[in-house]
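Chemist: Dumping the structure here so I can ask a few things about it.
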Amino acid sequence: MVNYIWLGMIVFSILVAGADGRIEVITRAALEGANNAVKTSLNLIAIIAFWLGIMRLAEAAGLVRALARLVRPLTRLLFPGVPKEHPALGAVIMNLSANILGLGNAATPMGLIAMQELQKLNRGDPKTATDAMCTFLALNTSCLTLIPSTIIGIRLMHNSADPAAIVGTTIFATACGMSVAILVDRVMRFIYHLRGR
Amino acid sequence: MYEIIAEISRWAIPLTLLLVPLAAVLRGVPVFEAFVEGAGEGFATAIKTIPYLVAMLVAISVFRASGAMELMVQTLSPALNLIGFPAEVLPHAIMRPLSGGAALGIATDLIATHGPDSFIGQLVSTMQGSTDTTFYVLTLYFGSVGISRYRYAIISGLAADLTTLAASVFIVQKVFGAGG
């Protein structure tokens with residue numbers, strides 16, 4: 001599916017730009033995109049190295065396992081395929097907590113650690129996502145931020161009478177999205193297993 | 001409530017940084033060595049995401065610059081206006097799953113133009129805060145472990161995004177009213 005979306009975006013864009021007589025923007029935009037990607041990855045080196053260091057300590061101290069044990073009732077429902085008390089579950093919970101608290105810088109490295117742990121459990125093709133990874137990403141991409149601080153800051157800057165007024169509506173909308181993400185994940189997992197994929 | 005959560009957010013990382021090494025020392029872990037060993041994998045993990053991000057960000061960048069996004073907005077907006085969805089917010093809705101920075105730019109612009117307390121201002125603020133950059137997150141997370149076949153992950157991610165969008169319109173209308 002990602003193949004078609006990717007190809008579709010590129011083909012459609014080139015056709016539109018060509019028909020519009022501004023085909024030259026494509027080359028620049030493509031290089032700009034590539035440049036941004038490399039910059040983003042390089043910027044990640046520092047925070048990933050830092051959090052991997054901390055996580056190694058947390059693991060050695062047994063904290064990740066303890067956390068995984070603490071949230072077992074929840075993770076047993078969401079990640080039936082992951083062995084209980086596996087470090088992956090600790091990392092998943094830390095990623096979601098960082099998301100909820102709006103700590104984007106910590107959330108990404110925790111998420112990547114969770115993916116590495118989940119990949120260790122991948123018994124199939126190492127290039128294909130596992131059920132647990134799909135569930136984790138469904139949770140992660142729809143996850144609740146209790147305080148959307150960036151947008152509150154922007155509202156404050158533009159003299160909003162009540163900058164934090166949108167916290168309630170944001171939580172409502174996120175809760176709806178998250179419920180659907182979990183539901184669709186379950187249904188799709190079932191369908192894919194029926195088809196043996 | 002708001003203050004309490006903000007306070008927790010402020011303390012979360014400093015406390016982690018204090019308590020994790022302390023707990024490790026108590027378990028007899030050589031903390032400095034263990035930290036360095038873990039951090040050593042940071043470089044490889046970050047570098048591994050480059051090709052995946054390049055592929056995705058090139059497509060997104062071309063999509064925006066070519067005017068394809070603009071065309072999509074123009075085509076979709078009459079239909080969306082019928083169901084009470086303001087066309088002004090559509091570029092944000094399309095951009096949100098693709099690029100966090102671009103979506104934030106659009107949101108800032110809308111808030112500046114229409115005012116933060118207008119219906120559009122409240123709606124775009126809610127939309128910005130309630131969903132993540134689905135495509136970017138999928139590309140980055142899967143890329144870091146070398147996975148290129150996402151199976152149904154995009155479907156659940158986009159289903160959640162669409163739900164969040166509909167829920168945002170619904171709740172902002174209910175709470176702040178469609179006028180203003």
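Labeling convention for the structure tokens: chains A, B, ... as they appear, residues from 1 per chain, ligands from 1 in order of appearance.
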Compile the contact shell of Gln128 (chain B) as a ChimeraX atom specification: residues with an atom at most 8 Å away, counting only C-alpha atoms, same-chain residues fewer than 2 positions apart removed.

Modeler: /A:151 /B:96,103-104,107,124-126,130-131

Chemist: With 6 Å as the limit and counting only C-alpha atoms, what residues in chain A lie close to chain B? Please list them as an mmCIF file with C-alpha atoms, in the first residue's frame.

Modeler:
```
data_model
loop_
_atom_site.group_PDB
_atom_site.id
_atom_site.type_symbol
_atom_site.label_atom_id
_atom_site.label_comp_id
_atom_site.auth_asym_id
_atom_site.auth_seq_id
_atom_site.Cartn_x
_atom_site.Cartn_y
_atom_site.Cartn_z
ATOM 1 C CA ILE A 10 5.007 11.585 -7.186
ATOM 2 C CA SER A 13 2.623 15.937 -8.579
ATOM 3 C CA VAL A 16 0.105 18.719 -12.133
ATOM 4 C CA ALA A 17 3.355 20.684 -12.341
ATOM 5 C CA ILE A 26 9.914 19.434 -9.079
ATOM 6 C CA ALA A 29 11.444 20.329 -4.286
ATOM 7 C CA ALA A 30 12.814 16.782 -4.578
ATOM 8 C CA GLY A 33 12.914 17.026 0.574
ATOM 9 C CA ALA A 34 15.995 14.789 0.501
ATOM 10 C CA ALA A 37 15.322 14.081 5.497
ATOM 11 C CA VAL A 38 19.079 13.860 6.046
ATOM 12 C CA SER A 41 18.055 12.011 10.755
ATOM 13 C CA LEU A 44 18.157 12.596 15.797
ATOM 14 C CA ILE A 45 21.649 11.249 16.519
ATOM 15 C CA ILE A 48 18.730 8.960 20.330
ATOM 16 C CA ALA A 49 22.256 8.411 21.684
ATOM 17 C CA PHE A 50 21.323 10.154 24.937
ATOM 18 C CA LEU A 52 19.643 4.897 24.444
ATOM 19 C CA GLY A 53 22.234 5.492 27.148
ATOM 20 C CA ARG A 56 20.486 0.899 28.922
ATOM 21 C CA LEU A 57 20.791 1.972 32.557
ATOM 22 C CA ALA A 58 17.048 1.568 33.105
ATOM 23 C CA ALA A 61 18.506 -1.651 36.810
ATOM 24 C CA LEU A 101 3.249 14.520 28.533
ATOM 25 C CA LEU A 112 12.686 3.605 18.249
ATOM 26 C CA LYS A 127 11.389 -6.481 6.323
ATOM 27 C CA THR A 128 7.717 -7.008 7.141
ATOM 28 C CA ALA A 129 5.919 -5.350 10.059
ATOM 29 C CA CYS A 134 1.233 -2.247 13.778
ATOM 30 C CA ALA A 138 -1.631 2.726 15.676
ATOM 31 C CA THR A 141 0.206 8.005 15.828
ATOM 32 C CA SER A 142 -3.193 8.553 17.418
ATOM 33 C CA PRO A 148 -0.749 20.681 23.231
ATOM 34 C CA ARG A 155 -2.894 31.077 20.559
ATOM 35 C CA SER A 160 -6.623 34.452 22.615
ATOM 36 C CA ILE A 166 -8.947 23.786 23.210
ATOM 37 C CA THR A 170 -8.385 18.123 21.762
ATOM 38 C CA ALA A 173 -10.977 14.302 19.385
ATOM 39 C CA THR A 174 -7.862 12.291 20.281
ATOM 40 C CA GLY A 177 -9.180 8.757 17.033
ATOM 41 C CA VAL A 180 -10.861 3.882 16.153
ATOM 42 C CA ALA A 181 -7.132 3.186 15.710
ATOM 43 C CA VAL A 184 -9.270 -0.833 13.043
ATOM 44 C CA ASP A 185 -5.944 -2.385 14.073
#
```

Chemist: Report as a PyMOL selection string all protein, DNA and RNA residues lying within 12 Å of Ala66 (chain A), evaluated on only C-alpha atoms, omitting residues in the same chain fewer than 3 positions from it.

Modeler: chain A and resi 58-63+69-72+84-91+93-94

Chemist: Filtering to N, CA, C and O atoms, could you give me those residues as a compact mmCIF listing (two decimals), in the first residue's frame?

Modeler:
```txt
# COMPACT_ATOMS: atom_id res chain seq x y z
N ALA A 58 18.36 1.95 32.59
CA ALA A 58 17.05 1.57 33.11
C ALA A 58 16.84 0.07 32.97
O ALA A 58 16.30 -0.59 33.87
N GLU A 59 17.33 -0.48 31.86
CA GLU A 59 17.18 -1.92 31.63
C GLU A 59 18.04 -2.70 32.62
O GLU A 59 17.58 -3.66 33.23
N ALA A 60 19.31 -2.24 32.77
CA ALA A 60 20.22 -2.93 33.67
C ALA A 60 19.72 -2.87 35.11
O ALA A 60 19.94 -3.80 35.89
N ALA A 61 19.02 -1.79 35.45
CA ALA A 61 18.51 -1.65 36.81
C ALA A 61 17.20 -2.42 37.00
O ALA A 61 16.65 -2.43 38.09
N GLY A 62 16.68 -3.00 35.91
CA GLY A 62 15.44 -3.76 36.01
C GLY A 62 14.19 -2.89 35.98
O GLY A 62 13.08 -3.38 36.23
N LEU A 63 14.38 -1.60 35.67
CA LEU A 63 13.22 -0.69 35.70
C LEU A 63 12.26 -0.92 34.55
O LEU A 63 11.05 -0.78 34.69
N ARG A 69 5.77 -4.94 33.92
CA ARG A 69 4.95 -5.75 34.82
C ARG A 69 3.76 -4.93 35.33
O ARG A 69 2.65 -5.42 35.43
N LEU A 70 4.05 -3.65 35.61
CA LEU A 70 3.04 -2.76 36.17
C LEU A 70 1.83 -2.59 35.24
O LEU A 70 0.69 -2.50 35.68
N VAL A 71 2.11 -2.53 33.95
CA VAL A 71 1.02 -2.25 33.00
C VAL A 71 0.56 -3.51 32.27
O VAL A 71 -0.07 -3.44 31.23
N ARG A 72 0.89 -4.68 32.87
CA ARG A 72 0.59 -5.94 32.18
C ARG A 72 -0.88 -6.12 31.83
O ARG A 72 -1.17 -6.60 30.73
N LYS A 84 5.05 -11.64 28.22
CA LYS A 84 4.82 -10.71 29.32
C LYS A 84 6.16 -10.31 29.94
O LYS A 84 7.10 -11.09 29.98
N GLU A 85 6.23 -9.09 30.39
CA GLU A 85 7.42 -8.51 31.00
C GLU A 85 8.59 -8.37 30.04
O GLU A 85 9.73 -8.19 30.45
N HIS A 86 8.33 -8.48 28.75
CA HIS A 86 9.40 -8.25 27.78
C HIS A 86 9.76 -6.75 27.78
O HIS A 86 8.88 -5.91 27.92
N PRO A 87 11.07 -6.41 27.64
CA PRO A 87 11.47 -4.99 27.65
C PRO A 87 10.74 -4.16 26.60
O PRO A 87 10.57 -2.95 26.79
N ALA A 88 10.31 -4.77 25.49
CA ALA A 88 9.59 -4.02 24.45
C ALA A 88 8.39 -3.30 25.05
O ALA A 88 8.11 -2.15 24.72
N LEU A 89 7.69 -3.99 25.96
CA LEU A 89 6.48 -3.40 26.54
C LEU A 89 6.82 -2.20 27.41
O LEU A 89 6.11 -1.20 27.41
N GLY A 90 7.94 -2.29 28.14
CA GLY A 90 8.38 -1.15 28.94
C GLY A 90 8.66 0.06 28.05
O GLY A 90 8.23 1.17 28.34
N ALA A 91 9.36 -0.19 26.93
CA ALA A 91 9.69 0.91 26.02
C ALA A 91 8.43 1.48 25.37
O ALA A 91 8.31 2.70 25.20
N ILE A 93 5.45 1.60 26.70
CA ILE A 93 4.77 2.43 27.70
C ILE A 93 5.50 3.75 27.91
O ILE A 93 4.89 4.81 28.03
N MET A 94 6.85 3.70 27.92
CA MET A 94 7.61 4.94 28.10
C MET A 94 7.38 5.89 26.92
O MET A 94 7.27 7.10 27.09
```

Chemist: Could you write out, as a ChimeraX atom specification, all the residues of chain B that DSSP marks as alpha helix (DSSP H)?

Modeler: /B:2-26,31-39,42-48,50-65,68-82,90-95,100-114,119-130,134-144,153-176

Chemist: Compare A:Leu183, A:Ala68, A:Ala98, A:Val82 by their minimum atom-to-atom distance to Leu144 (chain A), counting only C-alpha atoms, and give me the closest one.

Modeler: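 Smallest distance to Leu144 (chain A) is found for A:Ala98.
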
Chemist: Could you tell me how far CA of Arg65 (chain A) sits from CA of Ala132 (chain A), in Å to one decimal place?

Modeler: 17.7 Å
